[in-house]
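Student: Next up is a structure, given as structure tokens.
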Amino acid sequence: MTHVFDEAIALTPTASDHVVRAQTHPAYNNMVGPFGGITAATVLNGIQQRPDVLGDPLALTINYAAPIAEGQWDLDLRPVRTNRTNQHWVVTISQSGQVAATGTAVFGVARDTWSDTEPTPPAAPPAEEVEVSEYVDFIAWAKNYDKRFVAGGMDGRNDADSTSTLWLRDRPERPLDFPALTAMTDVFYPRVFLRHGTYMPAGTITLTTYFHATAQELEAHGTGHVLATARAARFGHGHFDQYGQLWSGEVLLATTHQLVYFKDPA
């Protein structure tokens with residue numbers, strides 16, 4: 001049986017060798033349009049399927065210019081430069097003749113070099129000791145994740161600290177790979193919800209993910225929970241930032257940055 005995540009990121013060829021076609025999936029609907037993480041994961045999946053791709057993902061940026069409407073959308077993937085160890089891509093998402101998103105990606109070959117990780121994962125009890133949390137019913141995409149908040153859950157309280165930390169994995173369970181990790185970097189509900197203690201109009205404008213994990217590290221992680229944490233630095237003028245980390249034990253899998261639009265509650 002095909003996992004719902006794989007159904008949502010599936011692509012079909014078109015007459016153009018650099019354009020593939022995607023289809024929105026109701027299981028990953030958000031408040032407006034599809035969940036941004038599933039869009040980013042679909043882009044990454046498209047590049048990974050290209051026969052001329054070099055290595056594994058290192059970085060991905062998606063700029064969400066407009067909501068994607070329900071139905072089909074086209075993904076234009078163009079490699080603009082291939083070097084010895086890295087490759088650069090330009091991405092355009094279009095629907096009904098209009099640009100819905102743009103982006104860039106960098107892929108590359110992992111090399112054996114000196115390594116170190118400066119941050120440490122946040123303190124958290126084992127996932128099985130933390131209660132599962134659910135979002136409101138109209139946020140369909142959240143039902144596809146087992147979410148266990150250690151701190152900063154959406155419990156209706158306003159908080160002076162914008163940090164959320166949670167255990168996270170696909171539901172049903174699915175082995176972690178690069179598309180799944182990409183989607184997970186966008187699972188954090190908008191930090192402004194936590195500060196105000198309520199849902200309010202908000203949406204990601206731009207999302208960047210840096211992939212630190214190798215394919216072997218993702219394979220070793222398997223289907224277990226990822227420990228995810230995110231916080232904002234500044235809110236104001238209708239926008240805020242968000243910085244997040246995703247961990248597998250002591251292994252930092254990915255870091256992510258967003259710029260998010262918001263409106264004050266009426």
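Labels for the structure tokens follow display order: chains A, B, ..., residues from 1 in each chain, ligands from 1.
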Neighbouring residues of region 9-24 of chain A were defined as those with any atom within 9 Å, considering only C-alpha atoms; residues of the same chain fewer than 2 positions away were excluded. Please report them as JSON, numbers by chain.

Tutor: {"A": [4, 5, 6, 7, 26, 27, 28, 29, 33, 34, 38, 39, 41, 42, 43, 45, 46, 50, 68, 69, 70, 71, 72, 73, 74, 75, 76, 77, 78, 179]}

Student: Write out as a list in words which residues come within 12 Å of Glu118 (chain A) when counting only C-alpha atoms, dropping same-chain ones fewer than 5 positions away.

Tutor: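 My list of contacting residues is Glu250, Val251 and Leu252 of chain A.
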
Student: Give me, as a ChimeraX atom specification, the residues of region 22-224 of chain A that a backbone DSSP run labels strand (DSSP E).

Tutor: /A:22-23,56-64,72-82,86-95,98-108,145-151,164-170,202-211

Student: Set the distance at 9 Å and use only C-alpha atoms: which residues neighbour region 97-99 of chain A once local chain neighbours fewer than 3 positions away are removed? I'd like the list as number ranges by chain.

Tutor: A: 65-66, 92-94, 102

Student: To test your reading of the structure, identify every residue in region 35-69 of chain A that backbone DSSP assigns to helix (DSSP H, G or I), and report it as a PyMOL selection string.

Tutor: chain A and resi 36-49

Student: Which neighbours of region 219-232 of chain A fall inside 7 Å, counting only C-alpha atoms, when residues of the same chain fewer than 5 positions from it are skipped, and could you give them as a short mmCIF file (atom, residue, chain, number, x, y, z; two decimals) with all heavy atoms, in the first residue's frame?

Tutor:
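Final output, saved to result-v3.cif:
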```
data_model
loop_
_atom_site.label_atom_id
_atom_site.label_comp_id
_atom_site.auth_asym_id
_atom_site.auth_seq_id
_atom_site.Cartn_x
_atom_site.Cartn_y
_atom_site.Cartn_z
N SER A 162 8.66 32.06 22.50
CA SER A 162 8.10 31.50 21.27
C SER A 162 8.60 30.10 20.95
O SER A 162 8.32 29.57 19.88
CB SER A 162 8.41 32.43 20.09
OG SER A 162 9.81 32.46 19.84
N THR A 163 9.33 29.47 21.87
CA THR A 163 9.94 28.17 21.58
C THR A 163 8.94 27.02 21.69
O THR A 163 8.21 26.92 22.68
CB THR A 163 11.10 27.89 22.55
OG1 THR A 163 12.06 28.93 22.45
CG2 THR A 163 11.77 26.55 22.23
N SER A 164 8.91 26.17 20.69
CA SER A 164 8.20 24.89 20.74
C SER A 164 9.20 23.77 20.51
O SER A 164 10.05 23.86 19.62
CB SER A 164 7.10 24.80 19.67
OG SER A 164 5.98 25.58 20.00
N THR A 165 9.08 22.71 21.30
CA THR A 165 9.89 21.51 21.13
C THR A 165 8.96 20.31 21.15
O THR A 165 8.10 20.21 22.03
CB THR A 165 10.94 21.38 22.24
OG1 THR A 165 11.81 22.53 22.21
CG2 THR A 165 11.77 20.12 22.07
N LEU A 166 9.10 19.42 20.18
CA LEU A 166 8.19 18.28 20.10
C LEU A 166 8.88 17.09 19.47
O LEU A 166 9.80 17.23 18.67
CB LEU A 166 6.95 18.63 19.30
CG LEU A 166 7.09 18.86 17.78
CD1 LEU A 166 5.77 18.57 17.08
CD2 LEU A 166 7.56 20.28 17.47
N TRP A 167 8.39 15.91 19.85
CA TRP A 167 8.73 14.68 19.14
C TRP A 167 7.79 14.55 17.95
O TRP A 167 6.60 14.87 18.05
CB TRP A 167 8.56 13.46 20.06
CG TRP A 167 9.57 13.35 21.14
CD1 TRP A 167 9.39 13.58 22.48
CD2 TRP A 167 10.94 12.96 20.99
NE1 TRP A 167 10.54 13.36 23.17
CE2 TRP A 167 11.52 12.98 22.28
CE3 TRP A 167 11.73 12.60 19.90
CZ2 TRP A 167 12.85 12.65 22.52
CZ3 TRP A 167 13.06 12.27 20.12
CH2 TRP A 167 13.60 12.28 21.41
N LEU A 168 8.32 14.08 16.84
CA LEU A 168 7.58 14.14 15.59
C LEU A 168 7.92 12.96 14.70
O LEU A 168 9.09 12.58 14.58
CB LEU A 168 7.95 15.45 14.87
CG LEU A 168 7.42 15.71 13.48
CD1 LEU A 168 5.94 16.05 13.55
CD2 LEU A 168 8.19 16.86 12.84
N ARG A 169 6.90 12.36 14.08
CA ARG A 169 7.13 11.40 13.01
C ARG A 169 5.89 11.29 12.14
O ARG A 169 4.79 11.72 12.54
CB ARG A 169 7.53 10.03 13.55
CG ARG A 169 6.45 9.25 14.26
CD ARG A 169 6.97 7.88 14.66
NE ARG A 169 6.06 7.18 15.54
CZ ARG A 169 6.37 6.06 16.17
NH1 ARG A 169 7.57 5.51 16.01
NH2 ARG A 169 5.50 5.47 16.96
N GLU A 173 3.62 5.39 10.33
CA GLU A 173 5.08 5.46 10.30
C GLU A 173 5.61 5.25 8.89
O GLU A 173 5.05 4.48 8.11
CB GLU A 173 5.66 4.39 11.23
CG GLU A 173 5.32 4.60 12.70
CD GLU A 173 5.85 3.49 13.56
OE1 GLU A 173 6.80 2.79 13.12
OE2 GLU A 173 5.34 3.29 14.68
N ARG A 174 6.69 5.95 8.61
CA ARG A 174 7.34 5.86 7.30
C ARG A 174 8.82 6.10 7.49
O ARG A 174 9.21 7.00 8.24
CB ARG A 174 6.75 6.94 6.37
CG ARG A 174 7.33 6.98 4.96
CD ARG A 174 6.74 8.15 4.19
NE ARG A 174 7.27 8.25 2.83
CZ ARG A 174 8.44 8.78 2.52
NH1 ARG A 174 9.23 9.28 3.48
NH2 ARG A 174 8.83 8.84 1.26
N PRO A 175 9.70 5.33 6.83
CA PRO A 175 11.14 5.57 6.97
C PRO A 175 11.49 7.00 6.58
O PRO A 175 11.00 7.52 5.57
CB PRO A 175 11.77 4.55 6.03
CG PRO A 175 10.75 3.46 5.90
CD PRO A 175 9.42 4.15 5.98
N LEU A 176 12.35 7.62 7.36
CA LEU A 176 12.74 9.00 7.10
C LEU A 176 13.64 9.06 5.87
O LEU A 176 14.60 8.31 5.74
CB LEU A 176 13.47 9.56 8.32
CG LEU A 176 13.78 11.06 8.31
CD1 LEU A 176 12.50 11.87 8.28
CD2 LEU A 176 14.63 11.42 9.53
N ARG A 191 4.79 30.86 15.06
CA ARG A 191 5.20 31.25 16.40
C ARG A 191 4.30 32.31 17.00
O ARG A 191 4.16 32.42 18.22
CB ARG A 191 6.65 31.77 16.38
CG ARG A 191 7.72 30.83 15.83
CD ARG A 191 7.91 29.58 16.68
NE ARG A 191 6.92 28.58 16.40
CZ ARG A 191 6.45 27.70 17.28
NH1 ARG A 191 6.89 27.71 18.52
NH2 ARG A 191 5.57 26.80 16.95
N PHE A 240 7.36 37.83 10.97
CA PHE A 240 8.31 37.34 11.96
C PHE A 240 9.16 36.26 11.33
O PHE A 240 8.80 35.66 10.32
CB PHE A 240 7.60 36.83 13.23
CG PHE A 240 6.75 35.60 13.03
CD1 PHE A 240 7.28 34.32 13.16
CD2 PHE A 240 5.39 35.73 12.72
CE1 PHE A 240 6.49 33.19 12.98
CE2 PHE A 240 4.60 34.60 12.55
CZ PHE A 240 5.15 33.33 12.68
N ASP A 241 10.30 36.01 11.96
CA ASP A 241 11.20 34.97 11.50
C ASP A 241 10.95 33.70 12.33
O ASP A 241 10.27 33.72 13.35
CB ASP A 241 12.66 35.40 11.66
CG ASP A 241 13.02 35.51 13.13
OD1 ASP A 241 12.31 36.22 13.87
OD2 ASP A 241 13.99 34.86 13.56
N GLN A 242 11.55 32.60 11.90
CA GLN A 242 11.49 31.36 12.66
C GLN A 242 12.73 30.54 12.35
O GLN A 242 13.12 30.40 11.19
CB GLN A 242 10.25 30.55 12.28
CG GLN A 242 10.13 29.20 12.97
CD GLN A 242 8.87 28.47 12.56
OE1 GLN A 242 7.77 28.81 12.98
NE2 GLN A 242 9.02 27.46 11.73
N TYR A 243 13.37 30.02 13.40
CA TYR A 243 14.55 29.19 13.24
C TYR A 243 14.29 27.85 13.91
O TYR A 243 13.80 27.81 15.04
CB TYR A 243 15.78 29.85 13.88
CG TYR A 243 16.98 28.93 13.99
CD1 TYR A 243 17.67 28.53 12.85
CD2 TYR A 243 17.41 28.46 15.22
CE1 TYR A 243 18.76 27.68 12.95
CE2 TYR A 243 18.50 27.61 15.33
CZ TYR A 243 19.17 27.22 14.19
OH TYR A 243 20.24 26.37 14.27
N GLY A 244 14.59 26.75 13.21
CA GLY A 244 14.31 25.43 13.76
C GLY A 244 15.44 24.45 13.55
O GLY A 244 16.30 24.63 12.67
N GLN A 245 15.45 23.42 14.39
CA GLN A 245 16.40 22.32 14.29
C GLN A 245 15.65 21.00 14.39
O GLN A 245 14.66 20.90 15.12
CB GLN A 245 17.43 22.36 15.43
CG GLN A 245 18.25 23.63 15.52
CD GLN A 245 19.10 23.66 16.78
OE1 GLN A 245 18.91 22.88 17.71
NE2 GLN A 245 20.06 24.58 16.81
N LEU A 246 16.12 19.98 13.67
CA LEU A 246 15.56 18.64 13.75
C LEU A 246 16.69 17.66 14.05
O LEU A 246 17.71 17.64 13.35
CB LEU A 246 14.86 18.25 12.44
CG LEU A 246 13.50 18.93 12.22
CD1 LEU A 246 13.68 20.30 11.59
CD2 LEU A 246 12.61 18.08 11.33
N TRP A 247 16.47 16.83 15.09
CA TRP A 247 17.50 15.97 15.63
C TRP A 247 17.08 14.51 15.58
O TRP A 247 15.92 14.18 15.80
CB TRP A 247 17.79 16.33 17.08
CG TRP A 247 18.37 17.68 17.31
CD1 TRP A 247 17.69 18.86 17.44
CD2 TRP A 247 19.75 18.00 17.46
NE1 TRP A 247 18.57 19.89 17.65
CE2 TRP A 247 19.84 19.39 17.68
CE3 TRP A 247 20.92 17.24 17.44
CZ2 TRP A 247 21.06 20.03 17.86
CZ3 TRP A 247 22.14 17.87 17.63
CH2 TRP A 247 22.20 19.26 17.84
N SER A 248 18.08 13.63 15.38
CA SER A 248 17.95 12.19 15.58
C SER A 248 18.98 11.81 16.62
O SER A 248 20.17 11.68 16.29
CB SER A 248 18.19 11.43 14.27
OG SER A 248 18.22 10.03 14.50
#
```

Student: At a cut-off of 10 Å, using only C-alpha atoms, what residues contact Thr61 (chain A)? Leave out same-chain residues fewer than 4 positions from it and give the result as a list of chain:residue names.

Tutor: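 These residues fall inside the cut-off: A:Ala40, A:Val43, A:Val90, A:Val91, A:Thr102, A:Gly103, A:Thr104, A:Ala105, A:Val106, A:Thr206, A:Leu207, A:Thr208, A:Thr209, A:Tyr210, A:Thr256, A:His257, A:Gln258.
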
Student: Let me make sure I understand: among A:Leu194, A:Met31, A:Trp89, A:Asp161, which one has the smallest atom-to-atom distance to Ala233 (chain A) if we use only C-alpha atoms?

Tutor: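 Nearest to Ala233 (chain A): A:Asp161.
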
Student: In Å to one decimal, how far is CA of Arg195 (chain A) from CA of Gly152 (chain A)?

Tutor: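 For CA of Gly152 (chain A) relative to CA of Arg195 (chain A), the distance reads 9.6 Å.
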
Student: Using only C-alpha atoms, which protein or nucleic acid residues come within 10 Å of Arg157 (chain A)? Drop anything in the same chain fewer than 3 positions from it, and give the result as a PyMOL selection string.

Tutor: chain A and resi 152-154+160+193-198

Student: Grab the CA of Ala140 (chain A) to CA of Tyr64 (chain A) distance for me, in Å with one decimal place.

Tutor: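 Atom-to-atom, CA of Ala140 (chain A) to CA of Tyr64 (chain A), that is 19.4 Å.
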
Student: Determine the nearest neighbour of Ala100 (chain A) from the options A:Gly36, A:Pro57, A:Pro172, A:Pro51, counting only C-alpha atoms.

Tutor: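 The closest residue to Ala100 (chain A) is A:Gly36.
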
Student: Enter the distance from CA of Thr255 (chain A) to CA of Phe211 (chain A), in Å, rounded to one decimal.

Tutor: 6.8 Å

Student: For Tyr189 (chain A), which residue out of A:Lys147, A:Asp116, A:Asn63, A:Asn86 is the nearest one, using only C-alpha atoms?

Tutor: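 Using only C-alpha atoms, Tyr189 (chain A) sits closest to A:Lys147.
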